[in-house]
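Novice: This structure is in structure tokens; I'll ask about it shortly.
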Amino acid sequence: MLETYLPQATARGARLIPECHAVQIVTQRDRAVSVRAELADGRAIEVRAGTVVVACGTIGSSVLLLKSGIRRNVGSRFSCNVATPVLARFAQRLDAFESLQMTAFVDARDFLLESTFNPPMTFAAILPGWFEKHFDRMRAYDRFASAGVVLGTAANGQVKRCGLLRDLLGPVDFRLAPADLETLKRGIALLAELHFAAGAEAAFPGTFVDHEMSAARFAPGGRIDRAAIERHVAEIVHRPEDLTLNTAHPQGGNPMSDRPDLGVVDSAFRVHGFANLFVCDASVFPTSIGINPQLTIMALADYAWRHCIAA
Ligand SMILES: Cc1cc2nc3c(=O)[nH]c(=O)nc-3n(C[C@H](O)[C@H](O)[C@H](O)COP(=O)(O)OP(=O)(O)OC[C@H]3O[C@@H](n4cnc5c(N)ncnc54)[C@H](O)[C@@H]3O)c2cc1C
């Protein structure tokens, strides 16, 4: 953004207002007429607009529409790519921190396995174990490999309006569906198997309670016992709370559908019921795309501008 689109936009006459928080889109009948915003120094501004394109991201865009009194379906069909790590310790040094953080993925159809390796602080946060055990494991940081199971979840979440509920419970009401948990468990078992096939001495599913899986038990003499791994994962994971789950890929909230009873925007990115109000970001995804979404979001923005907004 800083090296391409933003300089290109300013070169063509766009004016950027940094540290500017949009708080309300002012509408009259079927038109957005202005956007009210607050600057970092507390000043309030109002920008009159012929066209408004909301691009505050999955949570921010839904919240802004809700604050502006636009409610039909807004916040619905929240999904995400959810990830859970499986770490592996090897007998020899790997120095994984010296290589690229993300290098490879395996497409297992209904989930991905993505290699990642984090700096010590974030690595420590996903490494199972507590107190001395955790401390001792961290001392073997240079002998660890790391990867995660990534799954596009069902679109069963809801972005909530800000206010008391949001402050108390967070901005999204979402619970991993039972079928998604089962898929994650298959991914965890496959990833543990993969680590053992690469020669790991132990694998560590990202469970809240410490469940170290030793090669001696699950891959004795180098022969991987797939059934035992799957049984073990089924025994240690019963609920989403048993796992370390994270997402950096929220999607939905303003789902795209040409049916106004189902979507927030139509297939031209236009908010149903408005002539000049558009949304263009990951919030328009009606279902999770199941893979790192940034290129798709940028391609959508390019398409939306050329074929829908500027057309
Ligand atoms: C740590 C991390 C690593 C990632 N790595 C990858 C990766 O390797 N590959 C990949 O494909 N994806 C990756 N992603 C995901 C990717 O960054 C997002 O999917 C993508 O940026 C979402 O684009 P968006 O336009 O929907 O929203 P954003 O990029 O979140 O843009 C929304 C913008 O709106 C601003 N905003 C929100 N509310 C308001 C408001 N009220 N007023 C004004 N501004 C507002 C926000 O500050 C933000 O700048 C990663 C995400 C994270 C967090």
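Ligands are numbered from 1 in the order shown, chains are lettered A, B, ... in the order of the structure tokens, and residues start at 1 in each chain.
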Just the residues within 12 Å of A:Asp173, please, counting only C-alpha atoms, with nothing from its chain fewer than 2 positions along; format it as a PyMOL selection string.

Specialist: chain A and resi 59+75-79+155-161+165-166+168-171+175-176+253

Novice: As a PyMOL selection string, please: every protein or nucleic acid residue near ligand 1 (cut-off 7 Å, counting only C-alpha atoms and all ligand atoms).

Specialist: chain A and resi 20-23+55-58+60-61+64+248-250+281-283+292-295+297

Novice: Go through A:Lys185, A:Lys67, A:His272, A:His307 and flag the residue nearest A:Arg31, using only C-alpha atoms for the distances.

Specialist: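 Going through A:Lys185, A:Lys67, A:His272, A:His307 one by one, the smallest distance to A:Arg31 is for A:His272.
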
Novice: So which residues touch A:Phe208 within 9 Å, counting only C-alpha atoms, skipping near sequence neighbours fewer than 5 positions away, as a list in words?

Specialist: Pro128, Gly129, Glu241, Asp242, Leu243 and Thr244 of chain A

Novice: Measuring atom to atom with only C-alpha atoms, identify which of A:Asp110, A:Asn246, A:Glu212, A:Asn254 is nearest to A:Arg186.

Specialist: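 Between A:Asp110, A:Asn246, A:Glu212, A:Asn254, the residue approaching A:Arg186 most closely is A:Asp110.
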
Novice: Given the choices A:Gly206, A:Val279, A:Ala234, A:Ala192, which gets closest to A:Ala219 if the distance is worked out from only C-alpha atoms?

Specialist: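 Closest to A:Ala219 of all the choices is A:Ala192.
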
Novice: So which bits of stretch 68-220 of chain A end up helix (DSSP H, G or I) when you DSSP the backbone, as a PDB file with N, CA, C and O atoms, in the first residue's frame?

Specialist:
```pdb
ATOM      1  N   ALA A  96      15.429 -22.952  12.667  1.00  0.00           N
ATOM      2  CA  ALA A  96      14.344 -22.584  11.748  1.00  0.00           C
ATOM      3  C   ALA A  96      14.144 -21.082  11.671  1.00  0.00           C
ATOM      4  O   ALA A  96      13.661 -20.567  10.658  1.00  0.00           O
ATOM      5  N   PHE A  97      14.542 -20.360  12.727  1.00  0.00           N
ATOM      6  CA  PHE A  97      14.367 -18.903  12.740  1.00  0.00           C
ATOM      7  C   PHE A  97      15.214 -18.209  11.682  1.00  0.00           C
ATOM      8  O   PHE A  97      14.996 -17.046  11.369  1.00  0.00           O
ATOM      9  N   GLU A  98      16.196 -18.919  11.126  1.00  0.00           N
ATOM     10  CA  GLU A  98      17.049 -18.276  10.122  1.00  0.00           C
ATOM     11  C   GLU A  98      16.437 -18.324   8.725  1.00  0.00           C
ATOM     12  O   GLU A  98      16.933 -17.682   7.804  1.00  0.00           O
ATOM     13  N   PRO A 120      10.845 -15.750  19.182  1.00  0.00           N
ATOM     14  CA  PRO A 120      10.695 -16.410  20.492  1.00  0.00           C
ATOM     15  C   PRO A 120       9.422 -16.069  21.256  1.00  0.00           C
ATOM     16  O   PRO A 120       8.785 -16.949  21.826  1.00  0.00           O
ATOM     17  N   MET A 121       9.042 -14.794  21.249  1.00  0.00           N
ATOM     18  CA  MET A 121       7.889 -14.405  22.079  1.00  0.00           C
ATOM     19  C   MET A 121       6.602 -15.103  21.612  1.00  0.00           C
ATOM     20  O   MET A 121       5.884 -15.706  22.412  1.00  0.00           O
ATOM     21  N   THR A 122       6.329 -15.016  20.298  1.00  0.00           N
ATOM     22  CA  THR A 122       5.086 -15.627  19.804  1.00  0.00           C
ATOM     23  C   THR A 122       5.207 -17.149  19.782  1.00  0.00           C
ATOM     24  O   THR A 122       4.221 -17.862  19.971  1.00  0.00           O
ATOM     25  N   PHE A 123       6.424 -17.642  19.576  1.00  0.00           N
ATOM     26  CA  PHE A 123       6.624 -19.089  19.652  1.00  0.00           C
ATOM     27  C   PHE A 123       6.278 -19.580  21.056  1.00  0.00           C
ATOM     28  O   PHE A 123       5.588 -20.592  21.245  1.00  0.00           O
ATOM     29  N   ALA A 124       6.744 -18.829  22.070  1.00  0.00           N
ATOM     30  CA  ALA A 124       6.480 -19.220  23.461  1.00  0.00           C
ATOM     31  C   ALA A 124       4.981 -19.277  23.741  1.00  0.00           C
ATOM     32  O   ALA A 124       4.504 -20.129  24.493  1.00  0.00           O
ATOM     33  N   ALA A 125       4.236 -18.372  23.103  1.00  0.00           N
ATOM     34  CA  ALA A 125       2.795 -18.310  23.377  1.00  0.00           C
ATOM     35  C   ALA A 125       2.059 -19.539  22.842  1.00  0.00           C
ATOM     36  O   ALA A 125       1.008 -19.911  23.361  1.00  0.00           O
ATOM     37  N   ILE A 126       2.611 -20.167  21.786  1.00  0.00           N
ATOM     38  CA  ILE A 126       1.912 -21.344  21.232  1.00  0.00           C
ATOM     39  C   ILE A 126       2.551 -22.660  21.661  1.00  0.00           C
ATOM     40  O   ILE A 126       2.022 -23.729  21.361  1.00  0.00           O
ATOM     41  N   PHE A 131       5.370 -23.358  33.210  1.00  0.00           N
ATOM     42  CA  PHE A 131       6.450 -23.137  34.170  1.00  0.00           C
ATOM     43  C   PHE A 131       7.758 -23.821  33.751  1.00  0.00           C
ATOM     44  O   PHE A 131       8.213 -23.635  32.638  1.00  0.00           O
ATOM     45  N   GLU A 132       8.392 -24.655  34.615  1.00  0.00           N
ATOM     46  CA  GLU A 132       9.720 -25.191  34.301  1.00  0.00           C
ATOM     47  C   GLU A 132       9.722 -25.991  33.001  1.00  0.00           C
ATOM     48  O   GLU A 132      10.669 -25.942  32.221  1.00  0.00           O
ATOM     49  N   LYS A 133       8.646 -26.729  32.781  1.00  0.00           N
ATOM     50  CA  LYS A 133       8.589 -27.553  31.570  1.00  0.00           C
ATOM     51  C   LYS A 133       8.626 -26.666  30.324  1.00  0.00           C
ATOM     52  O   LYS A 133       9.338 -26.928  29.359  1.00  0.00           O
ATOM     53  N   HIS A 134       7.836 -25.599  30.379  1.00  0.00           N
ATOM     54  CA  HIS A 134       7.815 -24.663  29.263  1.00  0.00           C
ATOM     55  C   HIS A 134       9.186 -24.009  29.091  1.00  0.00           C
ATOM     56  O   HIS A 134       9.713 -23.889  27.972  1.00  0.00           O
ATOM     57  N   PHE A 135       9.781 -23.630  30.211  1.00  0.00           N
ATOM     58  CA  PHE A 135      11.113 -22.989  30.181  1.00  0.00           C
ATOM     59  C   PHE A 135      12.134 -23.932  29.534  1.00  0.00           C
ATOM     60  O   PHE A 135      12.901 -23.544  28.649  1.00  0.00           O
ATOM     61  N   ASP A 136      12.110 -25.194  29.954  1.00  0.00           N
ATOM     62  CA  ASP A 136      13.077 -26.154  29.397  1.00  0.00           C
ATOM     63  C   ASP A 136      12.845 -26.358  27.904  1.00  0.00           C
ATOM     64  O   ASP A 136      13.792 -26.475  27.130  1.00  0.00           O
ATOM     65  N   ARG A 137      11.577 -26.428  27.522  1.00  0.00           N
ATOM     66  CA  ARG A 137      11.292 -26.607  26.089  1.00  0.00           C
ATOM     67  C   ARG A 137      11.794 -25.416  25.277  1.00  0.00           C
ATOM     68  O   ARG A 137      12.307 -25.584  24.177  1.00  0.00           O
ATOM     69  N   MET A 138      11.607 -24.221  25.815  1.00  0.00           N
ATOM     70  CA  MET A 138      12.057 -23.030  25.079  1.00  0.00           C
ATOM     71  C   MET A 138      13.576 -23.051  24.872  1.00  0.00           C
ATOM     72  O   MET A 138      14.083 -22.487  23.905  1.00  0.00           O
ATOM     73  N   TYR A 141      14.651 -24.141  21.520  1.00  0.00           N
ATOM     74  CA  TYR A 141      14.052 -23.349  20.428  1.00  0.00           C
ATOM     75  C   TYR A 141      14.724 -23.628  19.079  1.00  0.00           C
ATOM     76  O   TYR A 141      14.074 -23.706  18.049  1.00  0.00           O
ATOM     77  N   ASP A 142      16.038 -23.819  19.108  1.00  0.00           N
ATOM     78  CA  ASP A 142      16.765 -24.025  17.842  1.00  0.00           C
ATOM     79  C   ASP A 142      16.582 -25.433  17.283  1.00  0.00           C
ATOM     80  O   ASP A 142      17.079 -25.757  16.212  1.00  0.00           O
ATOM     81  N   ARG A 143      15.855 -26.300  18.019  1.00  0.00           N
ATOM     82  CA  ARG A 143      15.619 -27.672  17.519  1.00  0.00           C
ATOM     83  C   ARG A 143      14.147 -27.889  17.146  1.00  0.00           C
ATOM     84  O   ARG A 143      13.730 -29.019  16.913  1.00  0.00           O
ATOM     85  N   LEU A 164     -21.615  -2.049  25.018  1.00  0.00           N
ATOM     86  CA  LEU A 164     -21.351  -2.859  26.200  1.00  0.00           C
ATOM     87  C   LEU A 164     -21.009  -4.306  25.849  1.00  0.00           C
ATOM     88  O   LEU A 164     -20.015  -4.856  26.314  1.00  0.00           O
ATOM     89  N   LEU A 165     -21.838  -4.922  24.970  1.00  0.00           N
ATOM     90  CA  LEU A 165     -21.601  -6.323  24.624  1.00  0.00           C
ATOM     91  C   LEU A 165     -20.236  -6.506  23.994  1.00  0.00           C
ATOM     92  O   LEU A 165     -19.497  -7.439  24.297  1.00  0.00           O
ATOM     93  N   ARG A 166     -19.914  -5.574  23.086  1.00  0.00           N
ATOM     94  CA  ARG A 166     -18.640  -5.673  22.391  1.00  0.00           C
ATOM     95  C   ARG A 166     -17.477  -5.494  23.369  1.00  0.00           C
ATOM     96  O   ARG A 166     -16.485  -6.211  23.321  1.00  0.00           O
ATOM     97  N   ASP A 167     -17.602  -4.540  24.300  1.00  0.00           N
ATOM     98  CA  ASP A 167     -16.536  -4.318  25.275  1.00  0.00           C
ATOM     99  C   ASP A 167     -16.359  -5.531  26.181  1.00  0.00           C
ATOM    100  O   ASP A 167     -15.254  -5.917  26.537  1.00  0.00           O
ATOM    101  N   LEU A 168     -17.484  -6.138  26.562  1.00  0.00           N
ATOM    102  CA  LEU A 168     -17.407  -7.254  27.504  1.00  0.00           C
ATOM    103  C   LEU A 168     -16.984  -8.558  26.824  1.00  0.00           C
ATOM    104  O   LEU A 168     -16.178  -9.312  27.359  1.00  0.00           O
ATOM    105  N   LEU A 169     -17.538  -8.816  25.647  1.00  0.00           N
ATOM    106  CA  LEU A 169     -17.396 -10.140  25.048  1.00  0.00           C
ATOM    107  C   LEU A 169     -16.577 -10.157  23.767  1.00  0.00           C
ATOM    108  O   LEU A 169     -16.372 -11.211  23.179  1.00  0.00           O
ATOM    109  N   PRO A 178     -19.056 -28.040  15.314  1.00  0.00           N
ATOM    110  CA  PRO A 178     -18.530 -29.381  15.602  1.00  0.00           C
ATOM    111  C   PRO A 178     -17.847 -30.028  14.398  1.00  0.00           C
ATOM    112  O   PRO A 178     -16.793 -30.660  14.536  1.00  0.00           O
ATOM    113  N   ALA A 179     -18.417 -29.858  13.191  1.00  0.00           N
ATOM    114  CA  ALA A 179     -17.806 -30.473  12.002  1.00  0.00           C
ATOM    115  C   ALA A 179     -16.427 -29.872  11.740  1.00  0.00           C
ATOM    116  O   ALA A 179     -15.490 -30.576  11.322  1.00  0.00           O
ATOM    117  N   ASP A 180     -16.282 -28.554  11.993  1.00  0.00           N
ATOM    118  CA  ASP A 180     -14.978 -27.907  11.788  1.00  0.00           C
ATOM    119  C   ASP A 180     -13.959 -28.420  12.804  1.00  0.00           C
ATOM    120  O   ASP A 180     -12.778 -28.588  12.486  1.00  0.00           O
ATOM    121  N   LEU A 181     -14.411 -28.670  14.030  1.00  0.00           N
ATOM    122  CA  LEU A 181     -13.493 -29.209  15.042  1.00  0.00           C
ATOM    123  C   LEU A 181     -12.992 -30.589  14.613  1.00  0.00           C
ATOM    124  O   LEU A 181     -11.809 -30.908  14.747  1.00  0.00           O
ATOM    125  N   GLU A 182     -13.891 -31.403  14.071  1.00  0.00           N
ATOM    126  CA  GLU A 182     -13.487 -32.741  13.608  1.00  0.00           C
ATOM    127  C   GLU A 182     -12.451 -32.633  12.489  1.00  0.00           C
ATOM    128  O   GLU A 182     -11.483 -33.389  12.445  1.00  0.00           O
ATOM    129  N   THR A 183     -12.670 -31.685  11.571  1.00  0.00           N
ATOM    130  CA  THR A 183     -11.707 -31.506  10.473  1.00  0.00           C
ATOM    131  C   THR A 183     -10.352 -31.064  11.027  1.00  0.00           C
ATOM    132  O   THR A 183      -9.300 -31.556  10.600  1.00  0.00           O
ATOM    133  N   LEU A 184     -10.384 -30.141  11.989  1.00  0.00           N
ATOM    134  CA  LEU A 184      -9.125 -29.700  12.598  1.00  0.00           C
ATOM    135  C   LEU A 184      -8.388 -30.878  13.231  1.00  0.00           C
ATOM    136  O   LEU A 184      -7.164 -30.987  13.143  1.00  0.00           O
ATOM    137  N   LYS A 185      -9.146 -31.764  13.866  1.00  0.00           N
ATOM    138  CA  LYS A 185      -8.512 -32.922  14.524  1.00  0.00           C
ATOM    139  C   LYS A 185      -7.821 -33.822  13.485  1.00  0.00           C
ATOM    140  O   LYS A 185      -6.716 -34.320  13.724  1.00  0.00           O
ATOM    141  N   ARG A 186      -8.469 -34.006  12.345  1.00  0.00           N
ATOM    142  CA  ARG A 186      -7.818 -34.792  11.282  1.00  0.00           C
ATOM    143  C   ARG A 186      -6.523 -34.105  10.853  1.00  0.00           C
ATOM    144  O   ARG A 186      -5.507 -34.754  10.600  1.00  0.00           O
ATOM    145  N   GLY A 187      -6.571 -32.770  10.760  1.00  0.00           N
ATOM    146  CA  GLY A 187      -5.380 -32.018  10.356  1.00  0.00           C
ATOM    147  C   GLY A 187      -4.262 -32.145  11.379  1.00  0.00           C
ATOM    148  O   GLY A 187      -3.089 -32.296  11.018  1.00  0.00           O
ATOM    149  N   ILE A 188      -4.627 -32.084  12.656  1.00  0.00           N
ATOM    150  CA  ILE A 188      -3.616 -32.197  13.727  1.00  0.00           C
ATOM    151  C   ILE A 188      -2.929 -33.559  13.645  1.00  0.00           C
ATOM    152  O   ILE A 188      -1.698 -33.663  13.736  1.00  0.00           O
ATOM    153  N   ALA A 189      -3.727 -34.610  13.446  1.00  0.00           N
ATOM    154  CA  ALA A 189      -3.160 -35.961  13.367  1.00  0.00           C
ATOM    155  C   ALA A 189      -2.232 -36.072  12.152  1.00  0.00           C
ATOM    156  O   ALA A 189      -1.120 -36.621  12.244  1.00  0.00           O
ATOM    157  N   LEU A 190      -2.674 -35.521  11.016  1.00  0.00           N
ATOM    158  CA  LEU A 190      -1.851 -35.603   9.807  1.00  0.00           C
ATOM    159  C   LEU A 190      -0.544 -34.825   9.978  1.00  0.00           C
ATOM    160  O   LEU A 190       0.528 -35.278   9.553  1.00  0.00           O
ATOM    161  N   LEU A 191      -0.638 -33.677  10.639  1.00  0.00           N
ATOM    162  CA  LEU A 191       0.560 -32.862  10.827  1.00  0.00           C
ATOM    163  C   LEU A 191       1.540 -33.530  11.793  1.00  0.00           C
ATOM    164  O   LEU A 191       2.761 -33.515  11.562  1.00  0.00           O
ATOM    165  N   ALA A 192       1.015 -34.158  12.834  1.00  0.00           N
ATOM    166  CA  ALA A 192       1.903 -34.897  13.748  1.00  0.00           C
ATOM    167  C   ALA A 192       2.600 -36.022  12.977  1.00  0.00           C
ATOM    168  O   ALA A 192       3.819 -36.229  13.124  1.00  0.00           O
ATOM    169  N   GLU A 193       1.816 -36.696  12.143  1.00  0.00           N
ATOM    170  CA  GLU A 193       2.381 -37.777  11.333  1.00  0.00           C
ATOM    171  C   GLU A 193       3.511 -37.256  10.437  1.00  0.00           C
ATOM    172  O   GLU A 193       4.577 -37.870  10.301  1.00  0.00           O
ATOM    173  N   LEU A 194       3.248 -36.097   9.844  1.00  0.00           N
ATOM    174  CA  LEU A 194       4.235 -35.490   8.935  1.00  0.00           C
ATOM    175  C   LEU A 194       5.530 -35.141   9.684  1.00  0.00           C
ATOM    176  O   LEU A 194       6.629 -35.389   9.191  1.00  0.00           O
ATOM    177  N   HIS A 195       5.372 -34.600  10.895  1.00  0.00           N
ATOM    178  CA  HIS A 195       6.563 -34.275  11.695  1.00  0.00           C
ATOM    179  C   HIS A 195       7.353 -35.555  12.005  1.00  0.00           C
ATOM    180  O   HIS A 195       8.586 -35.563  11.907  1.00  0.00           O
ATOM    181  N   PHE A 196       6.636 -36.626  12.371  1.00  0.00           N
ATOM    182  CA  PHE A 196       7.355 -37.881  12.683  1.00  0.00           C
ATOM    183  C   PHE A 196       8.042 -38.425  11.434  1.00  0.00           C
ATOM    184  O   PHE A 196       9.154 -38.942  11.487  1.00  0.00           O
ATOM    185  N   ALA A 197       7.374 -38.311  10.280  1.00  0.00           N
ATOM    186  CA  ALA A 197       7.985 -38.793   9.038  1.00  0.00           C
ATOM    187  C   ALA A 197       9.269 -38.028   8.722  1.00  0.00           C
ATOM    188  O   ALA A 197      10.188 -38.560   8.103  1.00  0.00           O
ATOM    189  N   ALA A 215       8.051 -39.763  19.744  1.00  0.00           N
ATOM    190  CA  ALA A 215       8.275 -40.667  18.601  1.00  0.00           C
ATOM    191  C   ALA A 215       8.344 -42.108  19.102  1.00  0.00           C
ATOM    192  O   ALA A 215       7.916 -43.042  18.403  1.00  0.00           O
ATOM    193  N   ALA A 216       8.875 -42.290  20.321  1.00  0.00           N
ATOM    194  CA  ALA A 216       8.992 -43.648  20.859  1.00  0.00           C
ATOM    195  C   ALA A 216       7.620 -44.332  20.903  1.00  0.00           C
ATOM    196  O   ALA A 216       7.494 -45.527  20.649  1.00  0.00           O
ATOM    197  N   ARG A 217       6.570 -43.551  21.195  1.00  0.00           N
ATOM    198  CA  ARG A 217       5.236 -44.145  21.293  1.00  0.00           C
ATOM    199  C   ARG A 217       4.499 -44.155  19.947  1.00  0.00           C
ATOM    200  O   ARG A 217       3.813 -45.115  19.623  1.00  0.00           O
ATOM    201  N   PHE A 218       4.640 -43.076  19.174  1.00  0.00           N
ATOM    202  CA  PHE A 218       3.787 -42.939  17.976  1.00  0.00           C
ATOM    203  C   PHE A 218       4.518 -43.258  16.672  1.00  0.00           C
ATOM    204  O   PHE A 218       3.876 -43.398  15.629  1.00  0.00           O
ATOM    205  N   PRO A 220       7.451 -45.792  16.655  1.00  0.00           N
ATOM    206  CA  PRO A 220       8.553 -46.620  17.186  1.00  0.00           C
ATOM    207  C   PRO A 220       9.388 -47.189  16.039  1.00  0.00           C
ATOM    208  O   PRO A 220       8.834 -47.687  15.060  1.00  0.00           O
TER     209      PRO A 220
END
```
